[in-house]
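Novice: Quick one: the structure is below, and I'll ask about it shortly.
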Amino acid sequence: MTQEEKKAIVDKVVETAVATQIRDDVCSRSTMYGLQTQFDFIPDSFVKATASLCGGTGSGSGSCGAYCAGLLALGLKFNSTIEEELQDEEAFGKTAATFTEYRERFVKEMGTIMCPKIHEKLFGKAYDLTDPKDSEEFLNLPGHVEKCGETVAVAARIAAEMLLEKE
């Protein structure tokens, strides 16, 4: 596959993920759906399950849902099975190298993997989505869906790039 073909795939992943985020406002599912449209190893059940990760994993203001979805896509493709690890003591280390690289690349661009810290970067304020008042304020921010789409774009792009780099 040429670099141009890889770039076209990455661009399509990002375009679809961001459009889905703007339409649905579910960062994690939007990221996974964008990836699924170009990588056929991702089943519908994974897209469905990742909806639980939005808002900092279960609207808990933890790790960014878009980041987590990209991480899960990489894990689905590259993580070793328990059986593989029982036969090869170094198998998990190879897996860990992939998710560590993804985290480092995401942090390099976003500064953190934590949802409230990303809010602070994008909106100037950290929101605690477990607090009903903060959550309502966040959901009613003008442009919040588009701003969260920027994070979705980063997570989807890095995951897609890594999926293509490591094939």
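Residue numbering restarts at 1 for every chain of the structure tokens, chains are lettered A, B, ... in their displayed order, and ligands are numbered from 1 as they appear.
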Show me, as JSON, numbers by chain, the residues that have an atom within 7 Å of Ala159 in chain A when counting only C-alpha atoms, minus same-chain residues fewer than 3 positions from it.

Specialist: {"A": [70, 74, 155, 156, 162, 163]}

Novice: Would you give me, as JSON lines, each residue of range 51-154 of chain A having an atom within 6 Å of an atom of range 26-46 of chain A, along with its shortest atom pair and that distance in Å to one decimal, using only C-alpha atoms and sorting by chain and residue number?

Specialist:
{"residue": "A:Ala51", "atom": "CA", "partner": "A:Arg29", "partner_atom": "CA", "distance": 4.8}
{"residue": "A:Leu53", "atom": "CA", "partner": "A:Ser28", "partner_atom": "CA", "distance": 5.8}
{"residue": "A:Cys54", "atom": "CA", "partner": "A:Ser28", "partner_atom": "CA", "distance": 5.1}
{"residue": "A:Gly65", "atom": "CA", "partner": "A:Ser28", "partner_atom": "CA", "distance": 4.5}
{"residue": "A:Ala66", "atom": "CA", "partner": "A:Ser28", "partner_atom": "CA", "distance": 4.2}
{"residue": "A:Ala69", "atom": "CA", "partner": "A:Ser28", "partner_atom": "CA", "distance": 5.3}
{"residue": "A:Val152", "atom": "CA", "partner": "A:Thr31", "partner_atom": "CA", "distance": 5.7}

Novice: Using only C-alpha atoms, please write the residues we just selected to a file, as an mmCIF file, in the first residue's frame.

Specialist:
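Wrote it out as selection-v1.cif, contents follow:
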data_model
loop_
_atom_site.group_PDB
_atom_site.id
_atom_site.type_symbol
_atom_site.label_atom_id
_atom_site.label_comp_id
_atom_site.auth_asym_id
_atom_site.auth_seq_id
_atom_site.Cartn_x
_atom_site.Cartn_y
_atom_site.Cartn_z
ATOM 1 C CA ALA A 51 -20.577 4.146 23.640
ATOM 2 C CA LEU A 53 -16.718 5.092 27.293
ATOM 3 C CA CYS A 54 -17.882 8.596 26.387
ATOM 4 C CA GLY A 65 -13.511 8.182 25.631
ATOM 5 C CA ALA A 66 -12.111 8.909 22.170
ATOM 6 C CA ALA A 69 -11.784 3.764 21.750
ATOM 7 C CA VAL A 152 -11.999 12.498 18.181
#

Novice: Using Å and a single decimal, report how far CA of Asp25 in chain A sits from CA of Arg157 in chain A.

Specialist: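 A separation of 18.0 Å between them.
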
Novice: What does the distance between CA of His144 in chain A and CA of Ala126 in chain A come to in Å, to one decimal place?

Specialist: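 Distance between the two atoms: 12.8 Å.
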
Novice: When you draw a straight line from CA of Asn140 in chain A to CA of Tyr127 in chain A, how long is it in Å?

Specialist: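 Rounded to one decimal, the two atoms are 12.0 Å apart.
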
Novice: Using only C-alpha atoms, find the one residue out of A:Ser59, A:Lys7, A:Phe99, A:Arg23 that sits nearest to Glu136 in chain A.

Specialist: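 With only C-alpha atoms as the atom set, the closest residue is A:Ser59.
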
Novice: As a tab-separated table (two decimals) with all heavy atoms, in the first residue's frame, please: every residue in range 10-95 of chain A that DSSP puts in alpha helix (DSSP H).

Specialist:
chain	number	residue	atom	x	y	z
A	10	VAL	N	-6.63	7.09	6.31
A	10	VAL	CA	-6.61	7.87	7.56
A	10	VAL	C	-7.56	9.05	7.44
A	10	VAL	O	-8.35	9.32	8.36
A	10	VAL	CB	-5.18	8.32	7.91
A	10	VAL	CG1	-5.19	9.31	9.08
A	10	VAL	CG2	-4.30	7.12	8.23
A	11	ASP	N	-7.51	9.75	6.33
A	11	ASP	CA	-8.39	10.91	6.13
A	11	ASP	C	-9.87	10.51	6.20
A	11	ASP	O	-10.68	11.22	6.79
A	11	ASP	CB	-8.10	11.60	4.80
A	11	ASP	CG	-6.77	12.34	4.78
A	11	ASP	OD1	-6.16	12.52	5.85
A	11	ASP	OD2	-6.34	12.73	3.67
A	12	LYS	N	-10.22	9.38	5.61
A	12	LYS	CA	-11.60	8.91	5.62
A	12	LYS	C	-12.03	8.52	7.04
A	12	LYS	O	-13.16	8.82	7.46
A	12	LYS	CB	-11.77	7.73	4.66
A	12	LYS	CG	-13.19	7.31	4.47
A	12	LYS	CD	-14.03	8.40	3.82
A	12	LYS	CE	-15.43	7.91	3.56
A	12	LYS	NZ	-16.33	8.97	3.16
A	13	VAL	N	-11.13	7.87	7.79
A	13	VAL	CA	-11.42	7.53	9.19
A	13	VAL	C	-11.74	8.80	9.97
A	13	VAL	O	-12.76	8.88	10.67
A	13	VAL	CB	-10.24	6.78	9.84
A	13	VAL	CG1	-10.37	6.74	11.36
A	13	VAL	CG2	-10.11	5.37	9.29
A	14	VAL	N	-10.88	9.79	9.86
A	14	VAL	CA	-11.06	11.04	10.61
A	14	VAL	C	-12.33	11.75	10.18
A	14	VAL	O	-13.12	12.20	11.02
A	14	VAL	CB	-9.81	11.95	10.44
A	14	VAL	CG1	-10.07	13.34	11.02
A	14	VAL	CG2	-8.60	11.31	11.10
A	15	GLU	N	-12.55	11.85	8.88
A	15	GLU	CA	-13.75	12.52	8.37
A	15	GLU	C	-15.03	11.87	8.91
A	15	GLU	O	-15.94	12.55	9.39
A	15	GLU	CB	-13.74	12.47	6.84
A	15	GLU	CG	-14.96	13.06	6.18
A	15	GLU	CD	-14.94	12.84	4.67
A	15	GLU	OE1	-13.85	12.86	4.07
A	15	GLU	OE2	-16.03	12.64	4.10
A	16	THR	N	-15.08	10.56	8.87
A	16	THR	CA	-16.26	9.84	9.34
A	16	THR	C	-16.42	9.96	10.85
A	16	THR	O	-17.53	10.17	11.36
A	16	THR	CB	-16.18	8.35	8.93
A	16	THR	OG1	-16.05	8.28	7.51
A	16	THR	CG2	-17.41	7.59	9.37
A	17	ALA	N	-15.32	9.82	11.58
A	17	ALA	CA	-15.38	9.92	13.04
A	17	ALA	C	-15.86	11.29	13.49
A	17	ALA	O	-16.73	11.40	14.36
A	17	ALA	CB	-14.01	9.60	13.63
A	18	VAL	N	-15.33	12.34	12.88
A	18	VAL	CA	-15.72	13.70	13.28
A	18	VAL	C	-17.17	13.97	12.89
A	18	VAL	O	-17.93	14.54	13.69
A	18	VAL	CB	-14.75	14.74	12.67
A	18	VAL	CG1	-15.27	16.16	12.87
A	18	VAL	CG2	-13.36	14.60	13.28
A	19	ALA	N	-17.58	13.56	11.71
A	19	ALA	CA	-18.98	13.76	11.30
A	19	ALA	C	-19.93	13.03	12.24
A	19	ALA	O	-21.00	13.56	12.60
A	19	ALA	CB	-19.18	13.27	9.86
A	20	THR	N	-19.54	11.85	12.68
A	20	THR	CA	-20.37	11.08	13.60
A	20	THR	C	-20.41	11.75	14.97
A	20	THR	O	-21.46	11.82	15.60
A	20	THR	CB	-19.86	9.62	13.71
A	20	THR	OG1	-19.80	9.07	12.39
A	20	THR	CG2	-20.78	8.77	14.56
A	21	GLN	N	-19.28	12.29	15.42
A	21	GLN	CA	-19.24	13.03	16.69
A	21	GLN	C	-20.15	14.24	16.62
A	21	GLN	O	-20.92	14.50	17.54
A	21	GLN	CB	-17.81	13.45	17.02
A	21	GLN	CG	-17.67	14.48	18.12
A	21	GLN	CD	-18.22	14.04	19.47
A	21	GLN	OE1	-18.36	12.87	19.74
A	21	GLN	NE2	-18.55	15.00	20.31
A	22	ILE	N	-20.09	14.98	15.54
A	22	ILE	CA	-20.92	16.17	15.41
A	22	ILE	C	-22.39	15.79	15.38
A	22	ILE	O	-23.24	16.46	15.98
A	22	ILE	CB	-20.49	17.00	14.17
A	22	ILE	CG1	-19.11	17.62	14.45
A	22	ILE	CG2	-21.52	18.06	13.82
A	22	ILE	CD1	-18.44	18.24	13.25
A	23	ARG	N	-22.71	14.69	14.73
A	23	ARG	CA	-24.10	14.25	14.65
A	23	ARG	C	-24.61	13.70	15.99
A	23	ARG	O	-25.71	14.01	16.42
A	23	ARG	CB	-24.24	13.18	13.56
A	23	ARG	CG	-25.68	12.73	13.32
A	23	ARG	CD	-25.77	11.52	12.43
A	23	ARG	NE	-25.27	10.35	13.16
A	23	ARG	CZ	-24.61	9.36	12.60
A	23	ARG	NH1	-24.35	9.35	11.32
A	23	ARG	NH2	-24.19	8.35	13.34
A	24	ASP	N	-23.80	12.85	16.66
A	24	ASP	CA	-24.28	12.08	17.82
A	24	ASP	C	-23.75	12.55	19.17
A	24	ASP	O	-24.33	12.22	20.19
A	24	ASP	CB	-23.88	10.61	17.67
A	24	ASP	CG	-24.46	9.95	16.44
A	24	ASP	OD1	-25.45	10.48	15.89
A	24	ASP	OD2	-23.93	8.90	16.04
A	27	CYS	N	-18.23	10.67	21.78
A	27	CYS	CA	-16.85	10.69	21.31
A	27	CYS	C	-16.25	9.30	21.09
A	27	CYS	O	-15.61	9.05	20.07
A	27	CYS	CB	-15.97	11.51	22.24
A	27	CYS	SG	-15.89	10.87	23.94
A	28	SER	N	-16.47	8.43	22.03
A	28	SER	CA	-15.86	7.09	21.95
A	28	SER	C	-16.44	6.29	20.79
A	28	SER	O	-15.70	5.71	19.99
A	28	SER	CB	-16.07	6.35	23.28
A	28	SER	OG	-17.43	6.44	23.69
A	29	ARG	N	-17.75	6.26	20.69
A	29	ARG	CA	-18.38	5.51	19.60
A	29	ARG	C	-18.05	6.12	18.24
A	29	ARG	O	-17.82	5.40	17.27
A	29	ARG	CB	-19.89	5.45	19.80
A	29	ARG	CG	-20.59	4.55	18.78
A	29	ARG	CD	-22.05	4.43	19.01
A	29	ARG	NE	-22.69	5.74	18.86
A	29	ARG	CZ	-23.88	6.04	19.35
A	29	ARG	NH1	-24.57	5.17	20.03
A	29	ARG	NH2	-24.38	7.24	19.16
A	30	SER	N	-17.98	7.44	18.17
A	30	SER	CA	-17.64	8.11	16.92
A	30	SER	C	-16.24	7.72	16.45
A	30	SER	O	-16.02	7.46	15.27
A	30	SER	CB	-17.73	9.63	17.10
A	30	SER	OG	-19.03	10.00	17.45
A	31	THR	N	-15.31	7.66	17.40
A	31	THR	CA	-13.94	7.26	17.07
A	31	THR	C	-13.92	5.83	16.56
A	31	THR	O	-13.33	5.55	15.49
A	31	THR	CB	-13.04	7.39	18.32
A	31	THR	OG1	-13.07	8.75	18.77
A	31	THR	CG2	-11.61	6.96	18.03
A	32	MET	N	-14.56	4.91	17.27
A	32	MET	CA	-14.56	3.51	16.86
A	32	MET	C	-15.29	3.32	15.54
A	32	MET	O	-14.84	2.55	14.68
A	32	MET	CB	-15.19	2.64	17.94
A	32	MET	CG	-15.05	1.14	17.68
A	32	MET	SD	-13.34	0.54	17.68
A	32	MET	CE	-13.01	0.49	19.44
A	33	TYR	N	-16.38	4.04	15.34
A	33	TYR	CA	-17.11	3.91	14.08
A	33	TYR	C	-16.26	4.39	12.91
A	33	TYR	O	-16.22	3.74	11.86
A	33	TYR	CB	-18.44	4.68	14.14
A	33	TYR	CG	-19.20	4.56	12.85
A	33	TYR	CD1	-19.76	3.35	12.45
A	33	TYR	CD2	-19.34	5.66	12.01
A	33	TYR	CE1	-20.45	3.24	11.25
A	33	TYR	CE2	-20.02	5.56	10.81
A	33	TYR	CZ	-20.58	4.35	10.43
A	33	TYR	OH	-21.25	4.25	9.24
A	34	GLY	N	-15.59	5.51	13.08
A	34	GLY	CA	-14.70	5.99	12.02
A	34	GLY	C	-13.67	4.94	11.66
A	34	GLY	O	-13.40	4.68	10.48
A	35	LEU	N	-13.09	4.31	12.67
A	35	LEU	CA	-12.10	3.26	12.43
A	35	LEU	C	-12.74	2.05	11.75
A	35	LEU	O	-12.18	1.48	10.82
A	35	LEU	CB	-11.43	2.86	13.75
A	35	LEU	CG	-10.50	3.92	14.34
A	35	LEU	CD1	-10.21	3.62	15.81
A	35	LEU	CD2	-9.21	4.02	13.53
A	36	GLN	N	-13.93	1.68	12.19
A	36	GLN	CA	-14.59	0.50	11.63
A	36	GLN	C	-14.87	0.66	10.14
A	36	GLN	O	-14.81	-0.32	9.39
A	36	GLN	CB	-15.90	0.22	12.36
A	36	GLN	CG	-16.59	-1.05	11.86
A	36	GLN	CD	-18.04	-1.12	12.23
A	36	GLN	OE1	-18.76	-0.13	12.18
A	36	GLN	NE2	-18.49	-2.31	12.61
A	44	ASP	N	-19.38	-4.78	14.72
A	44	ASP	CA	-20.42	-3.85	15.17
A	44	ASP	C	-20.55	-3.83	16.69
A	44	ASP	O	-20.82	-2.79	17.28
A	44	ASP	CB	-21.77	-4.23	14.56
A	44	ASP	CG	-21.84	-3.97	13.06
A	44	ASP	OD1	-21.02	-3.19	12.54
A	44	ASP	OD2	-22.72	-4.56	12.42
A	45	SER	N	-20.36	-4.98	17.31
A	45	SER	CA	-20.50	-5.06	18.77
A	45	SER	C	-19.47	-4.17	19.47
A	45	SER	O	-19.74	-3.63	20.54
A	45	SER	CB	-20.38	-6.50	19.26
A	45	SER	OG	-19.14	-7.06	18.88
A	46	PHE	N	-18.30	-4.02	18.89
A	46	PHE	CA	-17.29	-3.14	19.47
A	46	PHE	C	-17.74	-1.68	19.38
A	46	PHE	O	-17.56	-0.92	20.32
A	46	PHE	CB	-15.95	-3.33	18.74
A	46	PHE	CG	-14.86	-3.87	19.62
A	46	PHE	CD1	-15.00	-5.09	20.26
A	46	PHE	CD2	-13.70	-3.16	19.80
A	46	PHE	CE1	-13.99	-5.58	21.07
A	46	PHE	CE2	-12.69	-3.65	20.61
A	46	PHE	CZ	-12.83	-4.85	21.24
A	47	VAL	N	-18.27	-1.29	18.23
A	47	VAL	CA	-18.76	0.07	18.07
A	47	VAL	C	-19.84	0.33	19.12
A	47	VAL	O	-19.83	1.35	19.81
A	47	VAL	CB	-19.29	0.31	16.64
A	47	VAL	CG1	-19.89	1.71	16.52
A	47	VAL	CG2	-18.18	0.11	15.62
A	48	LYS	N	-20.77	-0.60	19.25
A	48	LYS	CA	-21.85	-0.49	20.22
A	48	LYS	C	-21.30	-0.36	21.65
A	48	LYS	O	-21.72	0.51	22.42
A	48	LYS	CB	-22.76	-1.71	20.11
A	48	LYS	CG	-23.89	-1.74	21.09
A	48	LYS	CD	-24.70	-3.03	20.91
A	48	LYS	CE	-25.75	-3.18	21.97
A	48	LYS	NZ	-26.48	-4.45	21.82
A	49	ALA	N	-20.36	-1.21	22.00
A	49	ALA	CA	-19.83	-1.24	23.37
A	49	ALA	C	-19.08	0.03	23.72
A	49	ALA	O	-19.11	0.47	24.88
A	49	ALA	CB	-18.93	-2.46	23.55
A	50	THR	N	-18.41	0.65	22.75
A	50	THR	CA	-17.61	1.82	23.08
A	50	THR	C	-18.44	3.03	23.48
A	50	THR	O	-17.90	3.97	24.06
A	50	THR	CB	-16.66	2.22	21.92
A	50	THR	OG1	-17.44	2.45	20.74
A	50	THR	CG2	-15.60	1.19	21.70
A	65	GLY	N	-12.85	9.27	26.34
A	65	GLY	CA	-13.51	8.18	25.63
A	65	GLY	C	-12.97	7.97	24.24
A	65	GLY	O	-12.83	6.83	23.78
A	66	ALA	N	-12.67	9.04	23.52
A	66	ALA	CA	-12.11	8.91	22.17
A	66	ALA	C	-10.76	8.20	22.24
A	66	ALA	O	-10.48	7.30	21.44
A	66	ALA	CB	-11.98	10.28	21.52
A	67	TYR	N	-9.94	8.61	23.19
A	67	TYR	CA	-8.64	7.95	23.40
A	67	TYR	C	-8.83	6.47	23.69
A	67	TYR	O	-8.17	5.62	23.09
A	67	TYR	CB	-7.90	8.64	24.57
A	67	TYR	CG	-6.76	7.83	25.12
A	67	TYR	CD1	-5.53	7.81	24.48
A	67	TYR	CD2	-6.91	7.07	26.29
A	67	TYR	CE1	-4.48	7.06	24.98
A	67	TYR	CE2	-5.86	6.33	26.79
A	67	TYR	CZ	-4.65	6.32	26.14
A	67	TYR	OH	-3.61	5.56	26.63
A	68	CYS	N	-9.75	6.14	24.59
A	68	CYS	CA	-9.99	4.74	24.96
A	68	CYS	C	-10.46	3.92	23.76
A	68	CYS	O	-10.05	2.77	23.61
A	68	CYS	CB	-11.02	4.66	26.08
A	68	CYS	SG	-10.42	5.26	27.67
A	69	ALA	N	-11.30	4.50	22.92
A	69	ALA	CA	-11.78	3.76	21.75
A	69	ALA	C	-10.64	3.44	20.80
A	69	ALA	O	-10.54	2.32	20.28
A	69	ALA	CB	-12.86	4.57	21.04
A	70	GLY	N	-9.76	4.39	20.56
A	70	GLY	CA	-8.59	4.13	19.71
A	70	GLY	C	-7.71	3.05	20.31
A	70	GLY	O	-7.21	2.16	19.60
A	71	LEU	N	-7.54	3.11	21.60
A	71	LEU	CA	-6.75	2.11	22.31
A	71	LEU	C	-7.36	0.72	22.16
A	71	LEU	O	-6.65	-0.26	21.92
A	71	LEU	CB	-6.65	2.51	23.78
A	71	LEU	CG	-5.70	1.76	24.67
A	71	LEU	CD1	-4.26	1.92	24.21
A	71	LEU	CD2	-5.84	2.27	26.10
A	72	LEU	N	-8.67	0.63	22.28
A	72	LEU	CA	-9.35	-0.66	22.13
A	72	LEU	C	-9.23	-1.21	20.71
A	72	LEU	O	-9.06	-2.42	20.52
A	72	LEU	CB	-10.82	-0.54	22.51
A	72	LEU	CG	-11.10	-0.47	24.00
A	72	LEU	CD1	-12.58	-0.20	24.24
A	72	LEU	CD2	-10.68	-1.74	24.70
A	73	ALA	N	-9.31	-0.35	19.72
A	73	ALA	CA	-9.16	-0.81	18.33
A	73	ALA	C	-7.76	-1.40	18.13
A	73	ALA	O	-7.61	-2.47	17.52
A	73	ALA	CB	-9.41	0.33	17.35
A	74	LEU	N	-6.76	-0.73	18.65
A	74	LEU	CA	-5.39	-1.25	18.55
A	74	LEU	C	-5.26	-2.57	19.30
A	74	LEU	O	-4.62	-3.51	18.83
A	74	LEU	CB	-4.38	-0.23	19.08
A	74	LEU	CG	-4.18	0.99	18.20
A	74	LEU	CD1	-3.46	2.09	18.97
A	74	LEU	CD2	-3.44	0.64	16.93
A	75	GLY	N	-5.87	-2.64	20.47
A	75	GLY	CA	-5.82	-3.87	21.25
A	75	GLY	C	-6.50	-5.03	20.56
A	75	GLY	O	-6.01	-6.16	20.58
A	76	LEU	N	-7.64	-4.75	19.93
A	76	LEU	CA	-8.35	-5.79	19.20
A	76	LEU	C	-7.47	-6.37	18.10
A	76	LEU	O	-7.46	-7.58	17.87
A	76	LEU	CB	-9.64	-5.22	18.60
A	76	LEU	CG	-10.54	-6.18	17.84
A	76	LEU	CD1	-11.04	-7.30	18.75
A	76	LEU	CD2	-11.72	-5.42	17.24
A	77	LYS	N	-6.71	-5.52	17.46
A	77	LYS	CA	-5.86	-5.97	16.34
A	77	LYS	C	-4.54	-6.59	16.82
A	77	LYS	O	-4.10	-7.59	16.27
A	77	LYS	CB	-5.58	-4.78	15.42
A	77	LYS	CG	-4.74	-5.11	14.21
A	77	LYS	CD	-5.50	-5.95	13.22
A	77	LYS	CE	-4.68	-6.13	11.96
A	77	LYS	NZ	-5.37	-6.95	10.99
A	78	PHE	N	-3.93	-6.01	17.83
A	78	PHE	CA	-2.54	-6.39	18.14
A	78	PHE	C	-2.30	-7.06	19.48
A	78	PHE	O	-1.23	-7.63	19.69
A	78	PHE	CB	-1.64	-5.15	18.05
A	78	PHE	CG	-1.62	-4.52	16.69
A	78	PHE	CD1	-2.07	-3.22	16.51
A	78	PHE	CD2	-1.18	-5.21	15.58
A	78	PHE	CE1	-2.06	-2.63	15.26
A	78	PHE	CE2	-1.17	-4.64	14.32
A	78	PHE	CZ	-1.60	-3.34	14.17
A	82	ILE	N	-4.27	-14.66	26.08
A	82	ILE	CA	-3.69	-15.27	27.27
A	82	ILE	C	-2.91	-16.52	26.88
A	82	ILE	O	-1.81	-16.76	27.39
A	82	ILE	CB	-4.79	-15.57	28.31
A	82	ILE	CG1	-5.34	-14.26	28.87
A	82	ILE	CG2	-4.27	-16.47	29.42
A	82	ILE	CD1	-6.53	-14.40	29.78
A	83	GLU	N	-3.45	-17.29	25.97
A	83	GLU	CA	-2.76	-18.51	25.51
A	83	GLU	C	-1.41	-18.18	24.88
A	83	GLU	O	-0.40	-18.86	25.14
A	83	GLU	CB	-3.63	-19.28	24.51
A	83	GLU	CG	-4.88	-19.90	25.11
A	83	GLU	CD	-6.02	-18.90	25.31
A	83	GLU	OE1	-6.01	-17.80	24.70
A	83	GLU	OE2	-6.91	-19.22	26.12
A	84	GLU	N	-1.36	-17.11	24.08
A	84	GLU	CA	-0.09	-16.69	23.48
A	84	GLU	C	0.90	-16.26	24.55
A	84	GLU	O	2.10	-16.57	24.47
A	84	GLU	CB	-0.33	-15.55	22.49
A	84	GLU	CG	-1.03	-15.98	21.22
A	84	GLU	CD	-1.52	-14.81	20.38
A	84	GLU	OE1	-1.75	-13.70	20.92
A	84	GLU	OE2	-1.68	-15.02	19.17
A	85	GLU	N	0.42	-15.58	25.57
A	85	GLU	CA	1.29	-15.13	26.65
A	85	GLU	C	1.80	-16.29	27.49
A	85	GLU	O	2.93	-16.25	27.98
A	85	GLU	CB	0.56	-14.12	27.52
A	85	GLU	CG	0.32	-12.81	26.80
A	85	GLU	CD	-0.52	-11.84	27.59
A	85	GLU	OE1	-0.71	-12.04	28.82
A	85	GLU	OE2	-1.01	-10.87	26.98
A	86	LEU	N	1.00	-17.33	27.63
A	86	LEU	CA	1.46	-18.51	28.38
A	86	LEU	C	2.58	-19.23	27.64
A	86	LEU	O	3.44	-19.86	28.25
A	86	LEU	CB	0.29	-19.47	28.63
A	86	LEU	CG	-0.75	-18.97	29.64
A	86	LEU	CD1	-1.95	-19.91	29.67
A	86	LEU	CD2	-0.14	-18.81	31.03
A	87	GLN	N	2.58	-19.12	26.32
A	87	GLN	CA	3.62	-19.78	25.52
A	87	GLN	C	4.81	-18.87	25.24
A	87	GLN	O	5.87	-19.37	24.87
A	87	GLN	CB	3.01	-20.29	24.22
A	87	GLN	CG	2.00	-21.38	24.48
A	87	GLN	CD	1.58	-22.10	23.22
A	87	GLN	OE1	2.15	-21.92	22.16
A	87	GLN	NE2	0.57	-22.93	23.36
A	91	ALA	N	5.30	-11.89	25.03
A	91	ALA	CA	4.16	-11.49	24.22
A	91	ALA	C	3.47	-10.24	24.76
A	91	ALA	O	3.15	-9.33	24.01
A	91	ALA	CB	3.15	-12.64	24.10
A	92	PHE	N	3.26	-10.18	26.07
A	92	PHE	CA	2.57	-9.02	26.63
A	92	PHE	C	3.42	-7.76	26.47
A	92	PHE	O	2.88	-6.68	26.22
A	92	PHE	CB	2.19	-9.21	28.09
A	92	PHE	CG	1.37	-8.06	28.61
A	92	PHE	CD1	0.02	-7.96	28.31
A	92	PHE	CD2	1.95	-7.05	29.38
A	92	PHE	CE1	-0.74	-6.89	28.75
A	92	PHE	CE2	1.20	-5.97	29.82
A	92	PHE	CZ	-0.14	-5.89	29.52
A	93	GLY	N	4.71	-7.87	26.58
A	93	GLY	CA	5.59	-6.72	26.39
A	93	GLY	C	5.46	-6.12	25.01
A	93	GLY	O	5.51	-4.89	24.84
A	94	LYS	N	5.27	-6.97	24.01
A	94	LYS	CA	5.06	-6.48	22.63
A	94	LYS	C	3.75	-5.72	22.56
A	94	LYS	O	3.65	-4.68	21.91
A	94	LYS	CB	5.09	-7.65	21.66
A	94	LYS	CG	6.45	-8.33	21.58
A	94	LYS	CD	6.38	-9.60	20.77
A	94	LYS	CE	7.66	-10.40	20.94
A	94	LYS	NZ	7.54	-11.75	20.41
A	95	THR	N	2.73	-6.25	23.22
A	95	THR	CA	1.42	-5.58	23.28
A	95	THR	C	1.56	-4.23	23.99
A	95	THR	O	1.06	-3.23	23.51
A	95	THR	CB	0.43	-6.47	24.05
A	95	THR	OG1	0.18	-7.65	23.29
A	95	THR	CG2	-0.86	-5.77	24.35

Novice: Could you check the closest approach to Gly56 in chain A for each of A:Cys148, A:Ala96, A:Ala153, A:Ala160 and tell me which residue wins, using only C-alpha atoms?

Specialist: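 Among A:Cys148, A:Ala96, A:Ala153, A:Ala160, it is A:Cys148 that comes nearest to Gly56 in chain A.
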
Novice: For range 116-121 of chain A, find every residue with an atom within 12 Å (counting only C-alpha atoms), except residues of its own chain fewer than 2 positions away, and show them as an MDAnalysis selection string.

Specialist: chainID A and resid 55:57 59:67 106:107 109:114 123:130 134:135 138:139 141 144:145 147:152 154
